[in-house]
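Novice: Coordinates in start36.txt, compact mmCIF, C-alpha atoms, are listed below.
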# COMPACT_ATOMS: atom_id res chain seq x y z
CA MET A 1 0.00 0.00 0.00
CA THR A 2 1.51 3.30 -1.02
CA ASP A 3 1.55 6.37 1.19
CA ALA A 4 -0.20 9.63 0.40
CA THR A 5 -1.69 8.77 -2.98
CA VAL A 6 -2.74 12.17 -4.31
CA SER A 7 -3.36 12.81 -7.96
CA LYS A 8 -6.19 15.31 -8.17
CA PRO A 9 -5.00 18.43 -10.02
CA GLY A 10 -4.68 21.50 -7.84
CA HIS A 11 -4.49 19.64 -4.54
CA ARG A 12 -1.38 20.53 -2.60
CA LEU A 13 -0.54 17.98 0.07
CA LYS A 14 1.74 18.96 2.91
CA PRO A 15 4.16 16.02 2.68
CA LEU A 16 5.88 14.37 5.58
CA THR A 17 9.62 14.48 5.51
CA PRO A 18 11.36 11.09 5.40
CA ALA A 19 12.43 11.61 9.01
CA MET A 20 8.86 12.36 10.13
CA LEU A 21 7.53 9.35 8.26
CA ARG A 22 10.14 7.07 9.85
CA GLU A 23 9.33 8.41 13.31
CA LEU A 24 5.57 8.01 12.91
CA SER A 25 5.88 4.55 11.34
CA VAL A 26 7.59 2.95 14.34
CA ARG A 27 5.50 -0.01 15.51
CA SER A 28 5.22 -1.05 19.13
CA ASN A 29 4.53 -4.41 20.74
CA LEU A 30 3.81 -2.60 24.01
CA LYS A 31 1.22 -0.20 22.61
CA GLY A 32 -0.40 -2.95 20.58
CA SER A 33 -0.55 -5.20 23.64
CA VAL A 34 -2.06 -2.48 25.82
CA ARG A 35 -4.75 -1.75 23.25
CA SER A 36 -5.63 -5.37 22.48
CA LEU A 37 -5.50 -6.60 26.09
CA GLY A 38 -7.56 -3.60 27.17
CA HIS A 39 -10.15 -4.27 24.48
CA TYR A 40 -10.40 -7.97 25.26
CA GLY A 41 -10.29 -7.27 28.99
CA VAL A 42 -13.41 -5.14 28.76
CA ILE A 43 -15.14 -7.87 26.73
CA VAL A 44 -14.31 -10.48 29.38
CA LEU A 45 -15.45 -8.18 32.19
CA VAL A 46 -18.77 -7.31 30.57
CA GLY A 47 -19.26 -10.96 29.60
CA ALA A 48 -18.84 -11.95 33.25
CA LEU A 49 -21.41 -9.33 34.26
CA ILE A 50 -23.85 -10.65 31.65
CA TRP A 51 -23.44 -14.18 33.00
CA LYS A 52 -23.94 -12.97 36.60
CA VAL A 53 -27.03 -10.87 35.85
CA ASP A 54 -28.51 -13.55 33.60
CA SER A 55 -27.98 -16.23 36.27
CA SER A 56 -29.42 -14.12 39.06
CA TYR A 57 -32.18 -12.09 37.41
CA GLY A 58 -32.89 -13.55 33.97
CA VAL A 59 -31.96 -12.75 30.41
CA LEU A 60 -34.18 -9.66 30.09
CA ARG A 61 -32.25 -7.88 32.85
CA ALA A 62 -29.04 -8.73 31.02
CA LEU A 63 -30.10 -7.21 27.68
CA PRO A 64 -28.67 -3.72 28.37
CA LEU A 65 -25.33 -5.31 29.17
CA MET A 66 -25.56 -7.36 25.97
CA ALA A 67 -25.96 -4.12 24.02
CA VAL A 68 -22.86 -2.70 25.70
CA GLN A 69 -21.00 -5.92 25.01
CA GLY A 70 -22.13 -5.70 21.40
CA TYR A 71 -20.25 -2.46 20.91
CA PHE A 72 -17.01 -3.89 22.22
CA VAL A 73 -17.28 -7.22 20.37
CA ALA A 74 -18.29 -5.71 17.02
CA PHE A 75 -15.44 -3.20 17.24
CA LEU A 76 -12.94 -6.05 17.31
CA PHE A 77 -13.22 -5.42 13.59
CA MET A 78 -10.71 -2.63 14.26
CA ALA A 79 -8.23 -5.11 15.68
CA VAL A 80 -8.67 -7.22 12.54
CA HIS A 81 -8.14 -4.15 10.40
CA GLU A 82 -4.99 -2.96 12.17
CA THR A 83 -3.42 -6.41 12.24
CA ALA A 84 -4.26 -6.85 8.55
CA HIS A 85 -1.93 -3.90 7.96
CA LYS A 86 0.61 -5.60 10.28
CA THR A 87 0.88 -2.30 12.19
CA ALA A 88 -0.79 -3.25 15.47
CA PHE A 89 2.48 -4.77 16.72
CA ARG A 90 6.11 -4.77 15.69
CA SER A 91 6.02 -8.57 15.85
CA ARG A 92 4.47 -10.28 12.85
CA GLY A 93 3.52 -13.22 15.07
CA LEU A 94 1.54 -10.99 17.43
CA ASN A 95 -0.21 -9.33 14.50
CA LEU A 96 -1.26 -12.73 13.20
CA ALA A 97 -2.31 -14.09 16.60
CA VAL A 98 -4.53 -11.13 17.48
CA GLY A 99 -5.74 -10.88 13.89
CA TYR A 100 -6.85 -14.51 13.67
CA LEU A 101 -8.50 -14.45 17.11
CA SER A 102 -10.38 -11.21 16.45
CA ALA A 103 -11.43 -12.27 12.96
CA PHE A 104 -12.77 -15.58 14.25
CA THR A 105 -14.68 -13.75 16.98
CA ILE A 106 -16.52 -11.53 14.52
CA GLY A 107 -17.01 -14.17 11.81
CA LEU A 108 -14.72 -12.55 9.24
CA PRO A 109 -11.99 -14.88 7.93
CA TYR A 110 -8.67 -13.13 8.42
CA GLU A 111 -6.77 -14.10 5.27
CA TYR A 112 -9.81 -13.30 3.17
CA TYR A 113 -10.18 -9.90 4.80
CA CYS A 114 -6.49 -9.03 4.28
CA LEU A 115 -6.88 -9.50 0.52
CA PHE A 116 -10.25 -7.75 0.45
CA HIS A 117 -8.79 -4.79 2.32
CA TRP A 118 -5.69 -4.62 0.14
CA ASP A 119 -7.88 -3.98 -2.89
CA HIS A 120 -9.97 -1.48 -0.93
CA HIS A 121 -6.84 0.61 -0.38
CA ARG A 122 -5.65 0.19 -3.96
CA TYR A 123 -9.03 1.17 -5.46
CA THR A 124 -10.74 3.30 -2.82
CA GLN A 125 -14.03 4.71 -4.13
CA ASP A 126 -13.62 3.07 -7.54
CA PRO A 127 -17.11 1.60 -8.15
CA GLU A 128 -15.69 -1.05 -10.49
CA LYS A 129 -12.79 -2.25 -8.32
CA ASP A 130 -13.25 -1.24 -4.67
CA PRO A 131 -14.56 -4.40 -2.93
CA GLU A 132 -16.44 -2.31 -0.36
CA LEU A 133 -18.48 -0.73 -3.15
CA ILE A 134 -18.88 -3.97 -5.11
CA VAL A 135 -20.38 -5.87 -2.16
CA GLY A 136 -22.04 -2.80 -0.65
CA VAL A 137 -25.79 -2.75 -0.14
CA LYS A 138 -27.64 -0.54 -2.64
CA PRO A 139 -30.97 0.25 -0.90
CA THR A 140 -33.97 1.22 -2.99
CA SER A 141 -36.22 2.28 -0.10
CA ASP A 142 -35.97 3.74 3.39
CA THR A 143 -36.76 0.31 4.81
CA GLN A 144 -33.86 -1.27 2.93
CA LEU A 145 -31.65 1.62 3.99
CA ALA A 146 -32.53 1.04 7.64
CA ILE A 147 -31.75 -2.66 7.26
CA ALA A 148 -28.42 -1.76 5.67
CA TYR A 149 -27.56 0.47 8.63
CA SER A 150 -28.29 -2.43 10.98
CA GLY A 151 -25.30 -4.26 9.52
CA LEU A 152 -27.12 -7.59 9.64
CA LEU A 153 -27.21 -8.01 5.87
CA GLN A 154 -23.46 -7.50 5.73
CA VAL A 155 -22.86 -10.14 8.40
CA ALA A 156 -25.19 -12.56 6.65
CA GLY A 157 -23.43 -11.90 3.35
CA ARG A 158 -19.93 -12.61 4.62
CA LEU A 159 -21.07 -15.75 6.47
CA ARG A 160 -22.82 -16.97 3.33
CA LEU A 161 -19.66 -16.32 1.31
CA MET A 162 -17.52 -18.16 3.86
CA LEU A 163 -19.94 -21.10 3.84
CA GLY A 164 -19.83 -21.16 0.06
CA HIS A 165 -16.04 -21.25 0.07
CA ALA A 166 -16.04 -24.05 2.62
CA VAL A 167 -18.67 -26.22 0.95
CA THR A 168 -17.91 -25.73 -2.75
CA GLY A 169 -14.15 -25.27 -2.52
CA LYS A 170 -14.45 -22.49 -5.09
CA VAL A 171 -13.48 -18.82 -4.80
CA THR A 172 -14.61 -16.50 -7.59
CA VAL A 173 -14.50 -12.97 -6.14
CA PRO A 174 -12.05 -10.81 -8.13
CA TRP A 175 -10.02 -9.56 -5.16
CA ILE A 176 -8.75 -13.06 -4.36
CA PRO A 177 -5.89 -13.98 -6.75
CA ALA A 178 -5.73 -17.51 -8.10
CA ASN A 179 -2.67 -18.44 -6.03
CA LYS A 180 -4.50 -17.54 -2.79
CA ARG A 181 -7.79 -19.35 -3.40
CA ALA A 182 -6.73 -22.63 -1.79
CA ILE A 183 -5.77 -20.78 1.40
CA ILE A 184 -9.15 -19.02 1.48
CA VAL A 185 -10.98 -22.34 1.11
CA LEU A 186 -8.87 -23.96 3.84
CA GLU A 187 -9.45 -20.99 6.13
CA ALA A 188 -13.21 -21.08 5.57
CA ARG A 189 -13.33 -24.80 6.37
CA ALA A 190 -11.28 -24.31 9.53
CA TYR A 191 -13.61 -21.53 10.71
CA LEU A 192 -16.69 -23.62 9.94
CA ALA A 193 -15.28 -26.63 11.79
CA LEU A 194 -14.52 -24.54 14.89
CA TYR A 195 -17.95 -22.91 14.87
CA ILE A 196 -19.60 -26.33 14.62
CA ALA A 197 -17.43 -27.59 17.50
CA LEU A 198 -18.47 -24.65 19.70
CA LEU A 199 -22.12 -25.23 18.81
CA ALA A 200 -21.82 -28.93 19.63
CA MET A 201 -20.13 -28.13 22.94
CA SER A 202 -22.89 -25.66 23.86
CA LEU A 203 -25.56 -28.22 23.03
CA TRP A 204 -23.72 -30.94 24.97
CA PHE A 205 -23.65 -28.80 28.09
CA SER A 206 -27.09 -27.30 27.42
CA SER A 207 -25.48 -23.88 27.81
CA ALA A 208 -26.57 -20.57 26.29
CA LEU A 209 -23.47 -18.79 27.61
CA LEU A 210 -21.82 -18.22 24.23
CA LEU A 211 -25.12 -17.11 22.74
CA ARG A 212 -25.58 -14.44 25.41
CA VAL A 213 -22.03 -13.14 25.88
CA TRP A 214 -20.90 -13.44 22.24
CA ILE A 215 -23.39 -14.19 19.45
CA ILE A 216 -26.31 -11.95 20.44
CA PRO A 217 -23.99 -9.07 21.41
CA LEU A 218 -22.12 -9.43 18.10
CA LEU A 219 -25.38 -9.02 16.18
CA ILE A 220 -26.50 -6.09 18.33
CA GLY A 221 -23.10 -4.50 17.86
CA GLN A 222 -23.60 -4.24 14.10
CA PHE A 223 -26.07 -1.41 14.79
CA PHE A 224 -23.08 0.56 16.13
CA LEU A 225 -20.43 -0.65 13.72
CA ARG A 226 -22.17 -0.19 10.38
CA PRO A 227 -22.98 3.54 10.75
CA TYR A 228 -19.36 4.01 11.87
CA LEU A 229 -18.08 2.25 8.76
CA TYR A 230 -20.38 4.20 6.46
CA ALA A 231 -18.83 7.40 7.83
CA GLU A 232 -15.42 6.47 6.41
CA HIS A 233 -16.11 7.10 2.71
CA THR A 234 -19.83 7.65 2.08
CA GLY A 235 -20.49 10.90 0.26
CA CYS A 236 -16.80 11.53 -0.41
CA GLU A 237 -15.38 12.04 -3.89
CA ARG A 238 -14.49 9.24 -6.27
CA THR A 239 -10.87 10.18 -6.79
CA ARG A 240 -7.48 8.68 -6.01
CA SER A 241 -6.74 11.34 -3.41
CA ALA A 242 -7.05 10.06 0.16
CA PHE A 243 -7.72 13.65 1.16
CA HIS A 244 -10.80 13.72 -1.07
CA ASN A 245 -12.16 10.15 -1.01
CA THR A 246 -12.11 9.60 2.76
CA ARG A 247 -13.58 11.24 5.86
CA THR A 248 -12.01 11.85 9.25
CA THR A 249 -14.60 12.02 12.03
CA TYR A 250 -13.81 14.00 15.15
CA THR A 251 -15.23 12.20 18.16
CA GLY A 252 -14.64 11.38 21.82
CA ALA A 253 -11.69 9.58 23.37
CA ILE A 254 -13.62 6.39 24.22
CA VAL A 255 -14.83 5.92 20.65
CA LYS A 256 -11.32 6.53 19.30
CA TRP A 257 -9.85 4.08 21.79
CA PHE A 258 -12.11 1.14 20.89
CA ALA A 259 -11.92 2.05 17.20
CA TRP A 260 -8.12 1.89 17.39
CA ASN A 261 -7.92 5.55 16.25
CA MET A 262 -9.54 4.73 12.90
CA PRO A 263 -11.81 7.80 13.09
CA TYR A 264 -8.59 9.43 11.82
CA HIS A 265 -9.40 7.73 8.56
CA VAL A 266 -8.05 10.21 6.04
CA GLU A 267 -4.74 9.97 7.86
CA HIS A 268 -4.84 6.19 7.72
CA HIS A 269 -5.62 6.05 3.99
CA ALA A 270 -3.00 8.65 3.14
CA TYR A 271 -0.30 6.90 5.18
CA PRO A 272 -1.40 3.26 5.75
CA THR A 273 2.00 2.20 7.07
CA ILE A 274 1.65 4.46 10.12
CA PRO A 275 0.32 2.49 13.13
CA PHE A 276 -2.85 3.33 15.01
CA HIS A 277 -1.12 4.92 18.01
CA ALA A 278 0.61 7.56 15.83
CA LEU A 279 -2.50 8.71 13.98
CA PRO A 280 -3.43 11.48 16.48
CA LYS A 281 0.02 13.00 16.00
CA LEU A 282 -0.31 12.66 12.23
CA ASN A 283 -3.67 14.42 12.43
CA GLY A 284 -1.96 17.39 14.02
CA ILE A 285 0.32 17.61 11.00
CA VAL A 286 -2.19 17.19 8.14
CA ASP A 287 -5.44 18.37 9.73
CA ASP A 288 -5.73 21.46 7.55
CA GLU A 289 -5.51 19.28 4.41
CA ILE A 290 -8.62 17.26 5.30
CA ILE A 291 -11.67 18.03 3.16
CA TYR A 292 -14.37 15.75 4.61
CA ARG A 293 -14.62 16.29 8.36
CA GLY A 294 -17.28 14.55 10.42
CA ARG A 295 -18.36 16.23 13.64
CA GLY A 296 -19.37 13.27 15.76
CA TYR A 297 -20.99 10.05 14.61
CA ILE A 298 -24.62 11.03 15.22
CA ARG A 299 -24.32 14.05 12.97
CA THR A 300 -22.22 12.19 10.40
CA THR A 301 -24.71 9.31 10.28
CA ARG A 302 -27.48 11.81 9.47
CA GLU A 303 -25.30 13.10 6.64
CA THR A 304 -24.50 9.67 5.21
CA TRP A 305 -28.16 8.64 5.47
CA ALA A 306 -29.15 11.76 3.55
CA TRP A 307 -26.50 11.01 0.93
CA PHE A 308 -27.85 7.49 0.36
CA ARG A 309 -31.38 8.86 0.02
CA GLY A 310 -30.18 11.51 -2.40
CA GLN A 311 -28.48 8.89 -4.56
CA ARG A 312 -31.67 6.87 -4.69
CA GLN A 313 -33.86 9.82 -5.57
CA GLY A 314 -31.39 11.48 -7.95
In C-alpha cells, what does this structure look like?

Specialist:
Amino acid sequence: MTDATVSKPGHRLKPLTPAMLRELSVRSNLKGSVRSLGHYGVIVLVGALIWKVDSSYGVLRALPLMAVQGYFVAFLFMAVHETAHKTAFRSRGLNLAVGYLSAFTIGLPYEYYCLFHWDHHRYTQDPEKDPELIVGVKPTSDTQLAIAYSGLLQVAGRLRLMLGHAVTGKVTVPWIPANKRAIIVLEARAYLALYIALLAMSLWFSSALLLRVWIIPLLIGQFFLRPYLYAEHTGCERTRSAFHNTRTTYTGAIVKWFAWNMPYHVEHHAYPTIPFHALPKLNGIVDDEIIYRGRGYIRTTRETWAWFRGQRQG
C-alpha cells in the first residue's frame, strides 16, 4: 500500500519528511498489547457481568449489558483491520495471533479480509474495483436503507460467502488472486469446523453462555459498527486522493480508543504504514488538508443517510 496517494489536479498535500515518516511509522509491541488486552479485557469483564445478571435475574435484565458488550465485540473489527496492515504490533507473530483471534470472533476470515482490504486501499471509491463498493448494499427504499444500517445483511453476506467457500471449494470474487484461493478455502473450512465444534459443545452442556455473551452481542453490535463504517467514505469524492475520497470524524476519546484511532481515517488512507497509536500526532500535521470532516458520529450518520437517500432519488 503506497503512502499519500494524491493525484487530483490542484491539490497541494503537505508532505511528511522522510524523518517524520520514519518516526511516525515505528510499531510497538507494548502499545499494541495495551490496546488489544484492554479491548479484550473489557469484553471479558462485561461478559462476566452478563453471566452474573442472567444467572441471578434472567436474560431480560441482562439485555442492556448485551448491548454494551455488542459495541465492544463488534469493534474487534478494528483489531482485525490494524493487524491486517501488520501495524498493530512490531512482531508479525503478534499481528497474526490477534488478527486470527479477532477475525474468528466476529465471523470474518482473516486471510480473506487481508486480501479484500488490500484492494480497498488500492481502489478506494472506484465503483468497479473497490470491494467495499462492489459488495455494498444498494438500498432502494428507506426500509432497505434502515436494514443496511443495521449491519445484519453485511454479516449474513460474509457468512454466506464463507460457507460457500467451505462447501464448494471455489473462490470467484475478483479480489482473491488464483494463487491464494486454496488458502481461502482452507481458512473457511477451519472456521466452519470450529464454529460447529463450539455449537456442539454448547448443546452438549445445554449452555446458552456463548449465545448471550458473544453471538447476540455481536449481532447487536452491528447497529453501532455499520454507521461508523459508512462514515469512512460515504459521500466523499471518487478520486485517487485520500484527502478527497475519505472522511475523518472528530469524536470522543472512548470511541477513538475502541476504534483503534480509525476515526482518523483520512490519515490512515493517506499513510497506511503508520500504526494506530501515531494517527493522532499525524492528524496534528495534516489536519488542515482534510476536506471531509465529520463532527461526531450522530451528525455524520445523518449526513451519510441523507447522501444514500439523495443517490436513490437522484

Novice: Work out how far atom CA of A:Leu218 is from atom CA of A:Tyr112, in Å to one decimal.

Specialist: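 That distance, rounded to one decimal, is 19.7 Å.
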
Novice: Hey, which of A:Leu16, A:Ala88, A:Ala242, A:Ala97 ends up closest to A:Tyr110? Count only C-alpha atoms.

Specialist: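 Between A:Leu16, A:Ala88, A:Ala242, A:Ala97, the residue approaching A:Tyr110 most closely is A:Ala97.
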
Novice: Can you pull out the residues contacting stretch 255-266 of chain A? Cut-off 9 Å, using only C-alpha atoms, and skip same-chain residues under 2 positions away; I want them as a PyMOL selection string.

Specialist: chain A and resi 35+39+71-72+75-79+82+228+231-233+242-253+268-271+276-280+282-283+290+292

Novice: Can you work out which one of A:Lys52, A:His81, A:Leu94, A:Gln69 has the shortest atom-to-atom distance to A:Ser33, counting all atoms listed in the file?

Specialist: A:Leu94

Novice: Could you check which of A:Ile216, A:Thr301, A:Trp175, A:Glu267 is closest to A:Lys281, using all atoms listed in the file?

Specialist: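 Smallest distance to A:Lys281 is found for A:Glu267.
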
Novice: Given the choices A:Ala190, A:Val286, A:Leu153, A:Val34, which gets closest to A:Lys138 if the distance is worked out from only C-alpha atoms?

Specialist: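 Of A:Ala190, A:Val286, A:Leu153, A:Val34, the one nearest A:Lys138, counting only C-alpha atoms, is A:Leu153.
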
Novice: As an exercise, work out the distance from atom CA of A:Ala166 to atom CA of A:Ala188 in Å and give it to one decimal place.

Specialist: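 We find that atom CA of A:Ala166 and atom CA of A:Ala188 lie 5.1 Å from each other.
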
Novice: Give the answer as one residue: which of A:Ala193, A:Val98, A:Val173, A:Leu145 has the shortest atom-to-atom distance to A:Asn29, using all atoms listed in the file?

Specialist: A:Val98

Novice: Measure the distance from atom CA of A:Val155 to atom CA of A:Gly70 in Å and round it to one decimal.

Specialist: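 Atom-to-atom, atom CA of A:Val155 and atom CA of A:Gly70 are spaced 13.8 Å apart.
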
Novice: Between A:Ile220, A:Leu161, A:Arg212, A:Leu108, which is the closest to A:Gly58 once you count all atoms listed in the file?

Specialist: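 Going through A:Ile220, A:Leu161, A:Arg212, A:Leu108 one by one, the smallest distance to A:Gly58 is for A:Arg212.
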
Novice: Output, as AutoDock Vina command-line options, the centre and edge lengths in Å (one decimal) of the axis-aligned box that contains all listed atoms of stretch 30-33 of chain A with 5 Å of margin on each side.

Specialist:
--center_x 1.6 --center_y -2.7 --center_z 22.3 --size_x 14.4 --size_y 15.0 --size_z 13.4

Novice: Could you give me, as a ChimeraX atom specification, the residues that have an atom at most 12 Å away from the point (-7.9, -19.7, 7.3) in the coordinates of the file, using only C-alpha atoms?

Specialist: /A:96,99-101,103-104,107-114,162,165-166,180-194
